[in-house]
>>> print(open('work-v9.cif').read())   # mmCIF, C-alpha atoms
data_upload
#
loop_
_atom_site.label_atom_id
_atom_site.label_comp_id
_atom_site.auth_asym_id
_atom_site.auth_seq_id
_atom_site.Cartn_x
_atom_site.Cartn_y
_atom_site.Cartn_z
CA MET A 138 6.22 -3.09 -4.85
CA SER A 139 2.95 -1.64 -5.73
CA LEU A 140 0.97 0.36 -8.14
CA ALA A 141 2.77 1.62 -11.27
CA PHE A 142 0.99 4.60 -12.77
CA ARG A 143 0.71 5.13 -16.47
CA LEU A 144 2.31 8.34 -17.65
CA SER A 145 0.99 9.93 -20.79
CA CYS A 146 2.28 13.36 -21.79
CA PHE A 147 0.13 15.57 -23.95
CA THR A 148 0.60 18.88 -25.68
CA SER A 149 -1.83 21.66 -26.29
CA PRO A 150 -3.52 21.93 -29.71
CA PRO A 151 -1.67 24.01 -32.32
CA ASN A 152 -2.31 27.75 -32.59
CA LEU A 153 -3.47 27.87 -28.97
CA THR A 154 -1.53 29.68 -26.28
CA HIS A 155 -1.57 29.33 -22.53
CA GLN A 156 -2.23 32.37 -20.40
CA ARG A 157 -0.67 32.49 -16.97
CA ILE A 158 -2.25 34.66 -14.32
CA SER A 159 -0.38 35.32 -11.10
CA VAL A 160 -2.64 35.34 -8.09
CA ARG A 161 -1.33 37.14 -5.03
CA PRO A 162 -3.59 36.61 -2.03
CA LYS A 163 -3.65 39.47 0.46
CA THR A 164 -3.56 37.13 3.40
CA PRO A 165 -2.05 33.71 3.51
CA SER A 166 -4.62 30.97 3.43
CA HIS A 167 -4.46 27.23 3.53
CA PHE A 168 -6.98 24.83 2.18
CA PRO A 169 -6.70 21.25 3.37
CA PRO A 170 -6.28 18.83 0.49
CA PRO A 171 -9.26 16.69 -0.39
CA LYS A 172 -9.31 13.14 0.89
CA LEU A 173 -7.98 10.62 -1.59
CA THR A 174 -10.80 8.22 -2.37
CA THR A 175 -9.39 6.82 -5.59
CA LEU A 176 -6.02 6.83 -7.26
CA PRO A 177 -6.38 8.70 -10.58
CA THR A 178 -4.23 8.30 -13.66
CA ILE A 179 -1.64 11.06 -13.66
CA ARG A 180 -0.69 12.87 -16.83
CA ALA A 181 2.17 15.35 -16.97
CA VAL A 182 1.75 18.51 -19.04
CA GLN A 183 4.65 18.56 -21.45
CA GLU A 184 5.18 22.30 -21.33
CA ASN A 185 5.42 22.30 -17.58
CA SER A 186 5.54 18.80 -16.14
CA GLU A 187 5.04 20.03 -12.59
CA HIS A 188 1.37 20.69 -13.33
CA PHE A 189 -0.88 17.66 -13.39
CA ALA A 190 -4.08 16.84 -15.17
CA VAL A 191 -6.45 14.13 -14.06
CA SER A 192 -7.85 11.84 -16.70
CA PRO A 193 -11.62 11.29 -17.04
CA ALA A 194 -13.32 9.31 -14.31
CA LYS A 195 -12.79 5.57 -14.53
CA PRO A 196 -15.52 2.95 -14.17
CA ARG A 197 -16.41 2.00 -10.62
CA TRP A 198 -14.84 -1.47 -10.89
CA GLU A 199 -11.51 0.05 -11.96
CA ASN A 200 -11.61 2.38 -8.96
CA ILE A 201 -12.21 -0.63 -6.71
CA LEU A 202 -9.19 -2.40 -8.21
CA SER A 203 -7.03 0.72 -7.77
CA THR A 204 -8.10 1.10 -4.16
CA ALA A 205 -7.42 -2.57 -3.48
CA ALA A 206 -3.94 -2.22 -5.01
CA SER A 207 -3.16 0.75 -2.75
CA LEU A 208 -3.56 -1.49 0.32
CA TYR A 209 -0.18 -3.14 -0.24
CA PRO A 210 1.14 -2.32 3.28
CA PHE A 211 -1.89 -4.08 4.76
CA TYR A 212 -1.37 -7.21 2.63
CA VAL A 213 2.29 -7.46 3.49
CA THR A 214 1.70 -6.87 7.20
CA ALA A 215 -1.12 -9.41 7.36
CA GLY A 216 1.01 -11.91 5.45
CA GLY A 217 3.87 -11.33 7.86
CA VAL A 218 1.60 -12.12 10.82
CA VAL A 219 0.43 -15.32 9.11
CA ALA A 220 4.06 -16.26 8.39
CA CYS A 221 4.89 -15.87 12.09
CA LEU A 222 1.90 -17.84 13.35
CA LYS A 223 1.78 -20.53 10.66
CA PRO A 224 4.88 -20.65 8.40
CA SER A 225 3.57 -23.75 6.65
CA ALA A 226 0.88 -21.63 4.96
CA PHE A 227 3.52 -20.53 2.43
CA SER A 228 5.29 -23.88 2.09
CA TRP A 229 3.73 -24.58 -1.32
CA PHE A 230 5.48 -21.48 -2.69
CA VAL A 231 8.72 -21.82 -0.71
CA GLU A 232 9.28 -25.43 -1.81
CA ARG A 233 9.33 -24.30 -5.45
CA GLY A 234 11.90 -21.57 -4.81
CA PRO A 235 14.03 -19.94 -5.99
CA ALA A 236 12.38 -20.57 -9.38
CA SER A 237 8.99 -19.48 -8.00
CA TYR A 238 10.58 -16.30 -6.62
CA SER A 239 12.16 -15.39 -9.96
CA LEU A 240 8.96 -16.14 -11.88
CA SER A 241 6.82 -14.00 -9.58
CA LEU A 242 9.22 -11.05 -9.79
CA GLY A 243 9.34 -11.39 -13.58
CA LEU A 244 5.55 -11.21 -13.74
CA ILE A 245 5.56 -8.17 -11.44
CA MET A 246 8.04 -6.40 -13.72
CA LEU A 247 5.99 -7.41 -16.77
CA SER A 248 2.93 -5.73 -15.26
CA MET A 249 5.04 -2.62 -14.70
CA GLY A 250 6.18 -2.67 -18.32
CA LEU A 251 2.58 -2.84 -19.53
CA THR A 252 1.84 0.51 -17.87
CA LEU A 253 4.86 2.44 -19.19
CA GLU A 254 5.19 4.54 -22.34
CA TYR A 255 8.88 5.09 -22.96
CA LYS A 256 8.48 7.93 -25.45
CA ASP A 257 6.75 9.99 -22.77
CA LEU A 258 9.33 9.02 -20.14
CA LEU A 259 12.12 10.12 -22.49
CA GLY A 260 10.27 13.38 -23.04
CA LEU A 261 10.21 14.04 -19.30
CA PHE A 262 13.89 13.11 -19.04
CA ARG A 263 14.74 15.74 -21.65
CA GLN A 264 12.74 18.36 -19.76
CA ARG A 265 14.22 17.78 -16.29
CA PRO A 266 17.45 15.81 -16.59
CA LEU A 267 19.11 17.32 -13.49
CA SER A 268 16.39 16.37 -10.99
CA ILE A 269 16.15 12.84 -12.43
CA LEU A 270 19.93 12.41 -12.46
CA PHE A 271 20.19 13.71 -8.89
CA GLY A 272 17.51 11.28 -7.70
CA CYS A 273 19.21 8.30 -9.36
CA VAL A 274 22.61 9.22 -7.91
CA ALA A 275 21.03 9.63 -4.46
CA GLN A 276 19.41 6.20 -4.81
CA TYR A 277 22.70 4.42 -5.47
CA THR A 278 24.82 6.32 -2.93
CA ILE A 279 22.73 7.02 0.18
CA MET A 280 21.21 3.58 0.70
CA PRO A 281 24.28 1.45 -0.10
CA LEU A 282 26.56 3.56 2.11
CA PHE A 283 24.19 3.62 5.08
CA ALA A 284 23.48 -0.11 4.75
CA THR A 285 27.22 -0.79 4.92
CA LEU A 286 27.65 1.60 7.85
CA VAL A 287 24.78 0.11 9.86
CA ALA A 288 26.04 -3.45 9.25
CA LYS A 289 29.47 -2.51 10.61
CA ILE A 290 28.15 -0.53 13.59
CA PHE A 291 25.93 -3.40 14.77
CA GLY A 292 28.48 -6.07 13.91
CA LEU A 293 25.98 -8.19 11.99
CA PRO A 294 26.98 -11.72 10.98
CA PRO A 295 28.31 -12.01 7.40
CA SER A 296 25.07 -13.41 5.95
CA LEU A 297 22.93 -10.65 7.43
CA SER A 298 25.50 -7.97 6.51
CA VAL A 299 25.46 -9.12 2.90
CA GLY A 300 21.65 -9.18 2.91
CA LEU A 301 21.43 -5.65 4.29
CA ILE A 302 23.97 -4.31 1.80
CA LEU A 303 22.22 -6.09 -1.07
CA LEU A 304 18.96 -4.46 0.01
CA GLY A 305 20.64 -1.05 0.04
CA CYS A 306 22.01 -1.60 -3.48
CA CYS A 307 18.61 -2.42 -4.98
CA PRO A 308 16.73 0.13 -7.12
CA GLY A 309 13.65 2.04 -6.07
CA GLY A 310 10.36 0.16 -5.86
CA THR A 311 7.13 1.11 -7.59
CA ALA A 312 5.43 1.40 -4.20
CA SER A 313 7.16 4.78 -4.07
CA ASN A 314 4.92 6.00 -6.92
CA VAL A 315 1.80 5.43 -4.83
CA ALA A 316 3.37 7.01 -1.75
CA THR A 317 4.49 10.05 -3.78
CA LEU A 318 0.98 10.53 -5.15
CA ILE A 319 -0.52 10.42 -1.65
CA ALA A 320 2.19 12.77 -0.34
CA GLN A 321 1.43 15.37 -3.06
CA GLY A 322 4.93 14.93 -4.44
CA ASP A 323 6.24 15.10 -7.99
CA VAL A 324 4.72 11.90 -9.42
CA PRO A 325 6.32 12.05 -12.91
CA LEU A 326 9.75 12.48 -11.31
CA SER A 327 9.08 9.47 -9.06
CA ILE A 328 8.03 7.28 -11.98
CA VAL A 329 11.01 8.22 -14.16
CA MET A 330 13.39 7.66 -11.24
CA THR A 331 11.89 4.20 -10.64
CA VAL A 332 12.34 3.23 -14.28
CA CYS A 333 15.88 4.64 -14.56
CA THR A 334 17.14 3.07 -11.32
CA THR A 335 15.52 -0.25 -12.27
CA LEU A 336 17.22 -0.30 -15.66
CA GLY A 337 20.49 0.81 -14.05
CA ALA A 338 20.25 -2.06 -11.56
CA VAL A 339 21.65 -4.44 -14.19
CA ALA A 340 25.11 -2.91 -13.68
CA LEU A 341 24.96 -0.94 -10.44
CA THR A 342 23.34 -3.45 -8.06
CA PRO A 343 25.89 -6.24 -8.75
CA LEU A 344 28.84 -3.83 -8.88
CA LEU A 345 28.02 -2.05 -5.61
CA THR A 346 27.20 -5.34 -3.88
CA LYS A 347 30.56 -6.80 -4.91
CA ILE A 348 32.46 -3.68 -3.76
CA LEU A 349 30.66 -3.28 -0.42
CA ALA A 350 29.80 -6.88 0.48
CA GLY A 351 32.72 -8.67 -1.16
CA THR A 352 34.71 -8.44 2.06
CA TYR A 353 32.15 -10.70 3.80
CA VAL A 354 31.52 -13.42 1.20
CA PRO A 355 32.48 -13.96 -2.46
CA VAL A 356 30.09 -12.08 -4.76
CA ASP A 357 29.72 -13.03 -8.44
CA ALA A 358 28.79 -9.68 -10.01
CA ALA A 359 28.37 -11.18 -13.49
CA LYS A 360 25.77 -13.72 -12.38
CA LEU A 361 23.94 -11.08 -10.34
CA SER A 362 23.85 -8.86 -13.43
CA ILE A 363 22.48 -11.65 -15.63
CA SER A 364 19.77 -12.47 -13.08
CA THR A 365 18.79 -8.81 -12.83
CA MET A 366 18.53 -8.62 -16.60
CA GLN A 367 16.37 -11.75 -16.73
CA VAL A 368 13.90 -10.99 -13.94
CA VAL A 369 13.72 -7.17 -14.16
CA VAL A 370 14.79 -5.53 -17.41
CA ALA A 371 13.65 -8.19 -19.90
CA PRO A 372 10.06 -8.38 -18.55
CA ILE A 373 9.78 -4.57 -18.57
CA LEU A 374 10.90 -4.42 -22.20
CA VAL A 375 8.52 -7.25 -23.14
CA GLY A 376 5.66 -5.45 -21.41
CA SER A 377 6.44 -2.23 -23.25
CA TYR A 378 6.55 -4.10 -26.56
CA MET A 379 3.23 -5.79 -25.86
CA GLN A 380 1.70 -2.40 -25.17
CA SER A 381 2.49 -1.25 -28.72
CA ALA A 382 1.97 -4.60 -30.45
CA PHE A 383 -1.28 -5.68 -28.76
CA PRO A 384 -2.94 -2.48 -27.49
CA ALA A 385 -6.45 -3.95 -27.34
CA VAL A 386 -5.37 -6.87 -25.14
CA VAL A 387 -3.18 -4.68 -22.93
CA LYS A 388 -6.05 -2.23 -22.42
CA ILE A 389 -8.11 -5.06 -20.93
CA VAL A 390 -5.26 -6.33 -18.74
CA ILE A 391 -3.93 -3.02 -17.40
CA PRO A 392 -6.66 -2.40 -14.76
CA PHE A 393 -5.80 -5.75 -13.15
CA ALA A 394 -1.99 -5.39 -13.40
CA PRO A 395 -1.38 -3.20 -10.31
CA LEU A 396 -3.43 -5.43 -7.99
CA PHE A 397 -1.73 -8.56 -9.34
CA ALA A 398 1.67 -6.91 -8.81
CA VAL A 399 1.04 -6.02 -5.16
CA LEU A 400 -0.42 -9.45 -4.34
CA ALA A 401 2.49 -11.24 -6.01
CA SER A 402 4.98 -8.97 -4.24
CA SER A 403 3.28 -9.62 -0.88
CA LEU A 404 3.36 -13.37 -1.48
CA LEU A 405 7.04 -13.22 -2.42
CA ALA A 406 8.12 -11.23 0.63
CA CYS A 407 6.00 -13.20 3.12
CA SER A 408 7.14 -16.55 1.72
CA VAL A 409 10.79 -15.67 2.25
CA PHE A 410 9.98 -14.34 5.70
CA SER A 411 8.16 -17.57 6.60
CA GLU A 412 11.21 -19.54 5.43
CA ASN A 413 13.29 -17.73 8.06
CA VAL A 414 10.70 -17.80 10.85
CA VAL A 415 11.83 -21.25 12.02
CA ARG A 416 15.41 -20.02 12.38
CA LEU A 417 14.26 -16.87 14.15
CA LYS A 418 12.15 -18.89 16.57
CA ALA A 419 15.12 -21.15 17.23
CA SER A 420 17.21 -18.13 18.18
CA MET A 421 14.41 -16.96 20.44
CA VAL A 422 14.18 -20.35 22.17
CA ALA A 423 17.91 -20.23 22.74
CA VAL A 424 17.30 -17.25 24.98
CA THR A 425 16.39 -18.52 28.45
CA LEU A 426 13.28 -16.71 29.65
CA PRO A 427 11.96 -17.00 33.22
CA ALA A 428 8.40 -18.30 33.37
CA ASP A 429 7.17 -15.37 35.46
CA LEU A 430 8.18 -12.69 32.93
CA SER A 431 5.37 -10.48 31.63
CA LEU A 432 4.51 -10.39 27.92
CA MET A 433 6.16 -6.97 27.54
CA ALA A 434 9.33 -8.16 29.27
CA ARG A 435 9.46 -11.24 27.04
CA ALA A 436 9.11 -9.08 23.93
CA GLN A 437 11.91 -6.79 25.14
CA THR A 438 14.18 -9.75 25.83
CA ILE A 439 13.56 -11.28 22.40
CA LEU A 440 13.98 -7.99 20.53
CA SER A 441 17.22 -7.32 22.36
CA GLY A 442 18.69 -10.39 20.67
CA GLU A 443 19.56 -11.07 17.03
CA VAL A 444 15.98 -10.57 15.83
CA GLY A 445 15.79 -7.09 17.30
CA VAL A 446 19.17 -6.14 15.84
CA VAL A 447 18.08 -7.15 12.32
CA ILE A 448 14.79 -5.25 12.61
CA LEU A 449 16.56 -2.18 13.98
CA SER A 450 19.17 -2.33 11.22
CA VAL A 451 16.55 -2.42 8.45
CA LEU A 452 14.61 0.35 10.19
CA LEU A 453 17.66 2.64 10.43
CA VAL A 454 18.64 2.11 6.79
CA HIS A 455 15.19 3.17 5.59
CA ILE A 456 15.07 6.12 7.99
CA ALA A 457 18.40 7.28 6.57
CA GLY A 458 17.04 6.95 3.03
CA PHE A 459 13.95 9.06 3.73
CA PHE A 460 15.73 11.68 5.83
CA VAL A 461 19.01 12.11 3.94
CA GLY A 462 17.20 11.94 0.60
CA TYR A 463 14.97 14.85 1.62
CA ILE A 464 17.75 16.93 3.18
CA SER A 465 20.10 16.49 0.22
CA ALA A 466 17.35 17.51 -2.21
CA ALA A 467 16.58 20.57 -0.07
CA VAL A 468 20.26 21.58 0.11
CA CYS A 469 20.51 21.34 -3.69
CA GLY A 470 17.58 23.73 -4.10
CA PHE A 471 14.82 21.44 -5.33
CA ARG A 472 11.22 22.42 -4.72
CA GLU A 473 9.12 20.79 -2.01
CA ALA A 474 7.21 18.45 -4.32
CA GLN A 475 10.50 17.22 -5.79
CA ARG A 476 12.04 16.80 -2.32
CA ARG A 477 9.19 14.54 -1.29
CA ALA A 478 9.47 12.45 -4.45
CA ILE A 479 13.23 12.03 -4.04
CA SER A 480 12.92 11.25 -0.32
CA ILE A 481 10.30 8.56 -0.87
CA GLU A 482 12.05 7.11 -3.91
CA VAL A 483 15.37 6.81 -2.08
CA GLY A 484 13.81 5.39 1.08
CA MET A 485 11.65 2.72 -0.58
CA GLN A 486 13.60 -0.11 -2.21
CA ASN A 487 12.67 -2.92 -4.57
CA SER A 488 12.82 -5.48 -1.78
CA SER A 489 11.47 -8.20 -4.07
CA LEU A 490 14.60 -7.97 -6.22
CA GLY A 491 16.72 -8.25 -3.08
CA VAL A 492 14.84 -11.41 -2.09
CA VAL A 493 15.26 -13.03 -5.52
CA LEU A 494 18.97 -12.23 -5.81
CA ALA A 495 19.62 -13.38 -2.24
CA THR A 496 17.85 -16.73 -2.66
CA SER A 497 19.36 -17.39 -6.10
CA HIS A 498 23.02 -16.53 -5.50
CA PHE A 499 23.81 -17.04 -1.81
CA THR A 500 23.82 -20.31 0.08
CA SER A 501 22.64 -18.94 3.42
CA PRO A 502 18.86 -18.31 3.53
CA MET A 503 19.50 -15.58 6.12
CA VAL A 504 20.83 -13.31 3.34
CA ALA A 505 17.23 -12.82 2.18
CA LEU A 506 15.94 -11.92 5.66
CA PRO A 507 16.70 -8.14 5.58
CA ALA A 508 14.90 -7.77 2.24
CA ALA A 509 11.92 -9.80 3.48
CA LEU A 510 11.65 -7.71 6.65
CA SER A 511 12.08 -4.56 4.57
CA ALA A 512 8.94 -5.34 2.59
CA VAL A 513 6.92 -4.89 5.79
CA ILE A 514 8.93 -2.15 7.54
CA MET A 515 9.53 -0.02 4.44
CA ASN A 516 5.90 0.06 3.36
CA ILE A 517 4.62 0.94 6.82
CA MET A 518 7.16 3.75 7.07
CA GLY A 519 6.60 5.02 3.53
CA SER A 520 2.82 4.97 3.86
CA SER A 521 2.93 6.75 7.20
CA LEU A 522 5.22 9.47 5.83
CA ALA A 523 3.04 9.87 2.74
CA PHE A 524 -0.16 10.28 4.76
CA PHE A 525 1.59 12.84 7.00
CA TRP A 526 2.68 14.86 3.97
CA ARG A 527 -0.81 14.49 2.50
CA TYR A 528 -2.00 17.14 4.96
CA VAL A 529 1.02 19.44 4.69
CA ASP A 530 0.90 22.01 1.90
CA PRO A 531 3.70 21.19 -0.57
CA SER A 532 3.80 24.65 -2.16
CA ASP A 533 6.82 26.82 -1.43
CA SER A 534 5.82 29.75 0.78
CA LYS A 535 8.12 32.18 -1.03
CA GLU A 536 6.66 31.48 -4.43
CA THR A 537 3.73 33.26 -6.00
CA PRO A 538 0.93 30.81 -6.76
CA THR A 539 -0.04 30.64 -10.42
CA VAL A 540 -3.15 29.58 -12.25
CA ASP A 541 -2.94 28.29 -15.82
CA LEU A 542 -5.85 29.08 -18.10
CA LYS A 543 -6.06 27.26 -21.41
#
>>> encode(input="work-v9.cif", output="structure tokens")
Amino acid sequence: MSLAFRLSCFTSPPNLTHQRISVRPKTPSHFPPPKLTTLPTIRAVQENSEHFAVSPAKPRWENILSTAASLYPFYVTAGGVVACLKPSAFSWFVERGPASYSLSLGLIMLSMGLTLEYKDLLGLFRQRPLSILFGCVAQYTIMPLFATLVAKIFGLPPSLSVGLILLGCCPGGTASNVATLIAQGDVPLSIVMTVCTTLGAVALTPLLTKILAGTYVPVDAAKLSISTMQVVVAPILVGSYMQSAFPAVVKIVIPFAPLFAVLASSLLACSVFSENVVRLKASMVAVTLPADLSLMARAQTILSGEVGVVILSVLLVHIAGFFVGYISAAVCGFREAQRRAISIEVGMQNSSLGVVLATSHFTSPMVALPAALSAVIMNIMGSSLAFFWRYVDPSDSKETPTVDLK
């Protein structure tokens, strides 16, 4: 989970018209995109939401906070290394779980709510309902089905199968908004999809988990739904209300909200991972390793066991989300920027919600392991894909480029 961008639609002043000039270059040319030094606030033009306008430059300290918030993959990876080397570093947080997990996710969702303006999101939904609906359907079909398929193919134990399926049934994470911005994708579409899938998680995440994972262990869909409402939807609604009721206070808090969200999300994922490190090390010790084996051979032996299977399973589920999400959007005729947004949104899950639901409603702590591993694997994959797309022109080659003059 990472940076949630504030969306503010605006319209042109009355009695003014927009002129559109079609520019047809004689020879194809490609200009490399500028390097992204800061993450600007994105505003969608209401008349054509695929064109973006960048808000005035922010103060230097706000740019520093935005840049720090964009380093979420680094925080989660570094925390994962610490969890492996010294699990006790997170014991103060783990010992207070699952209440500490639920509280941290609630605060993360509250920070997301503070940055959202629902009237503008509804305006975008009215403009492009088909692309938003397609993305939401893809989110709750591709990932759950592939998670179930991978769990059966690898024959995962019931606890890990349930954890993987629960991860696949979670909504999109706000880290996808950052990745979509870097990848030159359709940022407004990504944000609206995140909000819609998050609100839909109250019903869809418990229902799909019960249908797909109910064959492994009993799943109480009602309790899952109530928990999702408490730790996800309610904080978002409270944050949105605070934005309208206390605008002066919210304006001061908003620059710090994204960084707080990514740090809290990193702490949540790494704490759950550290909780399972002892069990993972026990399974590694159970594997008899000759003393003369090289470091590479030891790593191969360990990864060929249960640990490697879990990592590979999470990896394949996210690969399927990115790849199938993009291909399905391309087959349905969406433009390149929209394909990238849908691909990233489908492939990047709200792993923090998976962790909280797993620790709150299932007795085995191993159920939370796929979601905890996903926080590291997913963000490395999503960031890598976004930076690759950053240097690939997203414009459709068959289209005539246009320039809008106000």
>>> atom_distance(input="work-v9.cif", atom1="atom CA of A:Thr500", atom2="atom CA of A:Leu303")
14.4 Å
>>> closest_residue(input="work-v9.cif", among="A:Val329, A:Leu247, A:Leu506, A:Leu202", to="A:Gly376", atoms="all atoms listed in the file")
A:Leu247
>>> atom_distance(input="work-v9.cif", atom1="atom CA of A:Cys221", atom2="atom CA of A:Val414")
6.2 Å
>>> closest_residue(input="work-v9.cif", among="A:Pro392, A:Ser313, A:Val492, A:Val461", to="A:Phe410", atoms="all atoms listed in the file")
A:Val492
>>> atom_distance(input="work-v9.cif", atom1="atom CA of A:Leu374", atom2="atom CA of A:Gly243")
11.2 Å
>>> resolve_selection(input="work-v9.cif", expression="the PyMOL selection byres ((chain A and resi 527) around 8)", output="short mmCIF file (atom, residue, chain, number, x, y, z; two decimals) with C-alpha atoms, in the coordinates of the input")
data_model
loop_
_atom_site.label_atom_id
_atom_site.label_comp_id
_atom_site.auth_asym_id
_atom_site.auth_seq_id
_atom_site.Cartn_x
_atom_site.Cartn_y
_atom_site.Cartn_z
CA PRO A 170 -6.28 18.83 0.49
CA ILE A 319 -0.52 10.42 -1.65
CA ALA A 320 2.19 12.77 -0.34
CA GLN A 321 1.43 15.37 -3.06
CA ALA A 523 3.04 9.87 2.74
CA PHE A 524 -0.16 10.28 4.76
CA PHE A 525 1.59 12.84 7.00
CA TRP A 526 2.68 14.86 3.97
CA TYR A 528 -2.00 17.14 4.96
CA VAL A 529 1.02 19.44 4.69
CA ASP A 530 0.90 22.01 1.90
#
>>> resolve_selection(input="work-v9.cif", expression="the PyMOL selection byres ((chain A and resi 466) around 12)", output="JSON, numbers by chain")
{"A": [267, 268, 269, 270, 271, 272, 273, 274, 275, 276, 458, 459, 460, 461, 462, 463, 464, 465, 467, 468, 469, 470, 471, 472, 473, 474, 475, 476, 477, 478, 479, 480, 481, 482, 483]}
>>> residues_around(input="work-v9.cif", residues="A:Pro294", least_positions_apart="4", cutoff="12 Å", atoms="all atoms listed in the file", output="list in words")
Ala288, Lys289, Ile290, Ser298, Val299, Gly300, Leu301, Ala350, Tyr353, Val354, Glu443, Val446, Val447, Ser501, Met503 and Val504 of chain A
